[in-house]
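Structure below is input.tsv: TSV, C-alpha atoms.
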chain	number	residue	atom	x	y	z
A	1	MET	CA	-7.39	-62.46	79.13
A	2	ASN	CA	-10.66	-62.98	77.29
A	3	HIS	CA	-12.12	-60.93	74.48
A	4	ARG	CA	-15.86	-60.57	73.80
A	5	ILE	CA	-18.35	-60.53	70.96
A	6	MET	CA	-21.28	-58.36	71.93
A	7	LEU	CA	-24.64	-57.48	70.43
A	8	GLY	CA	-25.08	-53.73	70.46
A	9	SER	CA	-28.28	-51.80	70.10
A	10	TYR	CA	-28.58	-48.12	69.20
A	11	PRO	CA	-31.99	-46.40	69.60
A	12	ILE	CA	-32.75	-44.59	66.33
A	13	PRO	CA	-33.41	-40.91	67.15
A	14	ARG	CA	-35.41	-40.11	63.99
A	15	PHE	CA	-37.94	-42.77	65.03
A	16	ALA	CA	-38.31	-41.44	68.60
A	17	GLY	CA	-35.74	-43.98	69.80
A	18	ILE	CA	-38.32	-46.79	69.72
A	19	PRO	CA	-36.84	-49.14	67.10
A	20	ASN	CA	-33.17	-50.01	67.39
A	21	HIS	CA	-30.25	-50.50	65.05
A	22	ASN	CA	-28.57	-53.78	66.09
A	23	PHE	CA	-24.88	-54.43	65.41
A	24	LEU	CA	-22.07	-56.73	66.55
A	25	VAL	CA	-18.86	-55.58	68.22
A	26	TRP	CA	-15.60	-57.30	69.19
A	27	THR	CA	-14.00	-55.87	72.34
A	28	ASP	CA	-10.70	-56.68	74.00
A	29	TYR	CA	-10.26	-57.69	77.64
A	30	ASP	CA	-10.52	-54.02	78.74
A	31	GLY	CA	-13.79	-53.50	76.86
A	32	THR	CA	-12.17	-51.37	74.15
A	33	PRO	CA	-13.90	-51.89	70.78
A	34	LEU	CA	-11.67	-53.39	68.10
A	35	PHE	CA	-14.13	-54.14	65.29
A	36	GLU	CA	-17.82	-53.68	64.61
A	37	ILE	CA	-20.18	-55.14	61.98
A	38	ASN	CA	-23.15	-53.04	60.89
A	39	GLY	CA	-25.90	-53.75	58.42
A	40	GLY	CA	-27.63	-51.07	56.41
A	41	ALA	CA	-27.78	-49.73	52.89
A	42	VAL	CA	-25.28	-48.30	50.45
A	43	ASN	CA	-25.98	-44.71	49.44
A	44	PRO	CA	-25.48	-43.79	45.76
A	45	ASP	CA	-22.12	-42.18	46.64
A	46	GLY	CA	-20.89	-45.40	48.30
A	47	THR	CA	-21.28	-44.20	51.87
A	48	PHE	CA	-23.08	-46.25	54.51
A	49	ASN	CA	-26.59	-45.51	55.81
A	50	TYR	CA	-27.91	-47.63	58.69
A	51	ALA	CA	-31.51	-46.47	58.24
A	52	ALA	CA	-31.90	-45.88	54.51
A	53	ILE	CA	-35.26	-46.14	52.85
A	54	PHE	CA	-33.79	-47.20	49.51
A	55	GLY	CA	-30.54	-48.85	48.56
A	56	ARG	CA	-28.75	-52.15	48.35
A	57	LEU	CA	-28.47	-54.11	51.60
A	58	THR	CA	-24.91	-54.28	52.84
A	59	ALA	CA	-22.80	-55.16	55.85
A	60	VAL	CA	-19.62	-53.30	56.72
A	61	GLU	CA	-16.84	-53.94	59.20
A	62	THR	CA	-15.50	-50.99	61.16
A	63	ASP	CA	-11.88	-51.27	62.23
A	64	TYR	CA	-11.54	-48.95	65.21
A	65	SER	CA	-7.82	-48.51	64.51
A	66	LYS	CA	-8.66	-46.89	61.14
A	67	ARG	CA	-11.34	-44.28	61.78
A	68	ASP	CA	-13.62	-43.32	58.87
A	69	PRO	CA	-17.13	-42.87	60.35
A	70	VAL	CA	-18.65	-41.80	57.01
A	71	ARG	CA	-17.97	-45.19	55.42
A	72	PHE	CA	-17.52	-47.32	58.54
A	73	PRO	CA	-19.90	-46.32	61.35
A	74	GLU	CA	-19.06	-46.47	65.03
A	75	PHE	CA	-22.14	-47.24	67.09
A	76	HIS	CA	-20.61	-49.01	70.10
A	77	ILE	CA	-19.04	-45.80	71.40
A	78	ARG	CA	-22.22	-43.71	71.13
A	79	PRO	CA	-23.51	-42.78	74.59
A	80	THR	CA	-27.04	-44.12	74.01
A	81	SER	CA	-25.91	-47.53	72.71
A	82	ARG	CA	-26.44	-50.57	74.89
A	83	SER	CA	-24.78	-53.96	74.55
A	84	THR	CA	-24.93	-57.49	75.87
A	85	VAL	CA	-22.21	-60.14	75.82
A	86	LEU	CA	-22.85	-63.01	73.39
A	87	LEU	CA	-19.50	-64.75	73.88
A	88	GLU	CA	-16.48	-64.28	76.12
A	89	ALA	CA	-13.51	-66.42	75.10
A	90	PRO	CA	-9.78	-66.36	74.32
A	91	ARG	CA	-8.76	-64.04	71.49
A	92	ASP	CA	-8.15	-66.90	69.03
A	93	GLU	CA	-11.70	-68.25	69.39
A	94	ILE	CA	-13.18	-64.77	69.04
A	95	ALA	CA	-11.04	-64.20	65.92
A	96	MET	CA	-12.23	-67.48	64.39
A	97	ARG	CA	-15.90	-66.65	64.97
A	98	TRP	CA	-15.42	-63.06	63.82
A	99	ALA	CA	-13.86	-64.33	60.56
A	100	ALA	CA	-16.97	-66.46	59.98
A	101	GLY	CA	-19.09	-63.36	60.57
A	102	ILE	CA	-17.03	-61.31	58.11
A	103	GLU	CA	-17.43	-64.05	55.50
A	104	LEU	CA	-21.21	-63.92	55.93
A	105	ALA	CA	-21.18	-60.10	55.89
A	106	GLY	CA	-19.44	-60.29	52.51
A	107	ARG	CA	-22.12	-62.64	51.20
A	108	ILE	CA	-24.79	-60.20	52.36
A	109	SER	CA	-23.07	-57.30	50.59
A	110	ILE	CA	-22.97	-59.12	47.23
A	111	SER	CA	-26.41	-60.72	47.58
A	112	GLY	CA	-28.25	-58.08	45.58
A	113	LEU	CA	-30.93	-57.80	48.27
A	114	ARG	CA	-32.62	-54.42	48.62
A	115	TYR	CA	-32.85	-52.69	51.98
A	116	SER	CA	-36.31	-52.74	53.56
A	117	ILE	CA	-37.09	-50.79	56.70
A	118	LEU	CA	-39.23	-53.61	58.15
A	119	THR	CA	-37.72	-56.83	56.83
A	120	ARG	CA	-34.16	-56.56	55.45
A	121	ASN	CA	-32.25	-54.08	57.56
A	122	SER	CA	-29.51	-53.73	60.17
A	123	ASN	CA	-31.37	-56.03	62.54
A	124	SER	CA	-31.72	-58.88	60.06
A	125	VAL	CA	-28.03	-58.46	59.16
A	126	ALA	CA	-26.98	-58.61	62.84
A	127	THR	CA	-29.08	-61.74	63.32
A	128	ALA	CA	-27.67	-63.44	60.21
A	129	VAL	CA	-24.07	-62.58	61.09
A	130	ALA	CA	-24.50	-63.76	64.69
A	131	HIS	CA	-25.93	-67.06	63.42
A	132	GLY	CA	-22.96	-67.29	61.03
A	133	MET	CA	-20.72	-67.01	64.10
A	134	GLU	CA	-22.81	-69.78	65.71
A	135	LEU	CA	-24.05	-67.39	68.39
A	136	ALA	CA	-27.60	-67.12	69.71
A	137	LEU	CA	-29.18	-63.71	70.23
A	138	PRO	CA	-31.21	-62.95	73.35
A	139	SER	CA	-34.94	-63.00	72.60
A	140	ALA	CA	-35.33	-59.44	73.92
A	141	SER	CA	-33.20	-58.22	70.98
A	142	LEU	CA	-35.59	-59.75	68.44
A	143	GLY	CA	-38.80	-57.89	69.29
A	144	LEU	CA	-41.01	-56.72	66.42
A	145	LEU	CA	-41.30	-53.16	67.74
A	146	ARG	CA	-37.77	-52.67	69.05
A	147	ALA	CA	-35.95	-54.57	66.30
A	148	PRO	CA	-38.08	-54.92	63.17
A	149	GLY	CA	-36.58	-57.47	60.79
A	150	ALA	CA	-34.49	-59.22	63.44
A	151	ARG	CA	-36.50	-62.44	63.16
A	152	ARG	CA	-36.23	-62.54	59.36
A	153	ARG	CA	-33.88	-64.95	57.60
A	154	LEU	CA	-31.95	-63.47	54.70
A	155	ALA	CA	-32.01	-65.56	51.52
A	156	LEU	CA	-28.33	-65.76	50.61
A	157	ALA	CA	-26.63	-67.87	47.99
A	158	SER	CA	-24.09	-70.35	49.33
Once more with this new file: its structure as structure tokens, please.
Amino acid sequence: MNHRIMLGSYPIPRFAGIPNHNFLVWTDYDGTPLFEINGGAVNPDGTFNYAAIFGRLTAVETDYSKRDPVRFPEFHIRPTSRSTVLLEAPRDEIAMRWAAGIELAGRISISGLRYSILTRNSNSVATAVAHGMELALPSASLGLLRAPGARRRLALAS
């Protein structure tokens, strides 16, 4: 039975649902979410904020078996979220690619980059992590209005 890596998109309510928060999710063969990677900013108290104006850019992995939505957000299960399959493969291949994505997410978190609502945000993190997994994103998920920052490359140290 195959697992999937999917690109998810959550319309941001405070911006009239026009721009989206993009994220990556790993689902099992039944479609149950196992893990999720989100980009955003770190609040001063260490909590996660997917649409912060100020803060350090970060990427966090949500483990759906250990629920803590304050620090590890769950966007895949929100009713307004949409998703598209990027890869369907055996569990071992998904795990290998996901590990590469987690490694890149860690590099983003220690990069020292500042969050920017238009250039360095959840969308640029999702794009960078997907590329780190050697996955291509659909062009519709990279639109300037719907996903600002998604076409930006993050300058990360090797």
Sorted by chain and rising residue number, list the residues of range 19-99 of chain A at most 6 Å from range 109-125 of chain A (counting only C-alpha atoms), each with its closest atom pair and distance in Å to one decimal, as CSV.
residue,atom,partner,partner_atom,distance
A:His21,CA,A:Ser122,CA,5.9
A:Asn22,CA,A:Asn123,CA,5.1
A:Gly39,CA,A:Ser122,CA,4.0
A:Gly40,CA,A:Ser122,CA,5.0
A:Ala41,CA,A:Tyr115,CA,5.9
A:Gly55,CA,A:Tyr115,CA,5.6
A:Arg56,CA,A:Arg114,CA,4.5
A:Leu57,CA,A:Tyr115,CA,4.6
A:Thr58,CA,A:Ser109,CA,4.2
A:Ala59,CA,A:Ser109,CA,5.7
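Here CA of Leu24 in chain A stands at a distance of 8.9 Å from CA of Ser83 in chain A.
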Within 10 Å of (-13.5, -61.1, 61.8) (coordinates as in the file), grab all the protein and nucleic acid residues, counting only C-alpha atoms, and write them out as a ChimeraX atom specification. /A:26,35-37,61,63,94-103,105,133
For the residues selected in the previous step, produce a file with C-alpha atoms as a PDB file, keeping the file's coordinate frame.
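Generated output (again.pdb):
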ATOM      1  CA  TRP A  26     -15.600 -57.300  69.190  1.00  0.00           C
ATOM      2  CA  PHE A  35     -14.130 -54.140  65.290  1.00  0.00           C
ATOM      3  CA  GLU A  36     -17.820 -53.680  64.610  1.00  0.00           C
ATOM      4  CA  ILE A  37     -20.180 -55.140  61.980  1.00  0.00           C
ATOM      5  CA  GLU A  61     -16.840 -53.940  59.200  1.00  0.00           C
ATOM      6  CA  ASP A  63     -11.880 -51.270  62.230  1.00  0.00           C
ATOM      7  CA  ILE A  94     -13.180 -64.770  69.040  1.00  0.00           C
ATOM      8  CA  ALA A  95     -11.040 -64.200  65.920  1.00  0.00           C
ATOM      9  CA  MET A  96     -12.230 -67.480  64.390  1.00  0.00           C
ATOM     10  CA  ARG A  97     -15.900 -66.650  64.970  1.00  0.00           C
ATOM     11  CA  TRP A  98     -15.420 -63.060  63.820  1.00  0.00           C
ATOM     12  CA  ALA A  99     -13.860 -64.330  60.560  1.00  0.00           C
ATOM     13  CA  ALA A 100     -16.970 -66.460  59.980  1.00  0.00           C
ATOM     14  CA  GLY A 101     -19.090 -63.360  60.570  1.00  0.00           C
ATOM     15  CA  ILE A 102     -17.030 -61.310  58.110  1.00  0.00           C
ATOM     16  CA  GLU A 103     -17.430 -64.050  55.500  1.00  0.00           C
ATOM     17  CA  ALA A 105     -21.180 -60.100  55.890  1.00  0.00           C
ATOM     18  CA  MET A 133     -20.720 -67.010  64.100  1.00  0.00           C
TER      19      MET A 133
END
Distance in Å - CA of Val85 in chain A versus CA of Asp30 in chain A: 13.5 Å
If we count all atoms listed in the file, what is near Thr62 in chain A at a cut-off of 10 Å, once residues fewer than 3 positions away on the same chain are taken out, given as JSON, numbers by chain? {"A": [25, 33, 34, 35, 36, 37, 38, 59, 65, 66, 67, 68, 69, 71, 72, 73, 74, 75]}
From the options A:Thr127, A:Ser9, A:Thr47, A:Thr27, which residue's atoms come nearest to Tyr64 in chain A, counting all atoms listed in the file?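 Result for the nearest residue to Tyr64 in chain A: A:Thr27.
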Have a look at CA of Ala147 in chain A and CA of Glu93 in chain A and let me know their distance in Å, one decimal.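 Taking CA of Ala147 in chain A as the start and CA of Glu93 in chain A as the end point, the length is 28.0 Å.
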Of A:Pro79, A:Gly46, A:Gly106, A:Pro90, the one sitting nearest His3 in chain A when using only C-alpha atoms is A:Pro90
Pick from A:Ile108, A:Ile77, A:Ile53, A:Ala89, whichever lies nearest to Tyr29 in chain A using all atoms listed in the file: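 Once distances to Tyr29 in chain A are computed over all atoms listed in the file, the minimum belongs to A:Ala89.
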List as a PyMOL selection string the protein and nucleic acid residues near Leu86 in chain A, meaning an atom at most 8 Å away when all atoms listed in the file are counted, but skip any in the same chain fewer than 5 places from it. chain A and resi 4-7+135-137
Find, counting only C-alpha atoms, the residue in A:Glu88, A:Phe48, A:Arg107, A:Ser81 that gets nearest to Gly8 in chain A.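 Smallest distance to Gly8 in chain A is found for A:Ser81.
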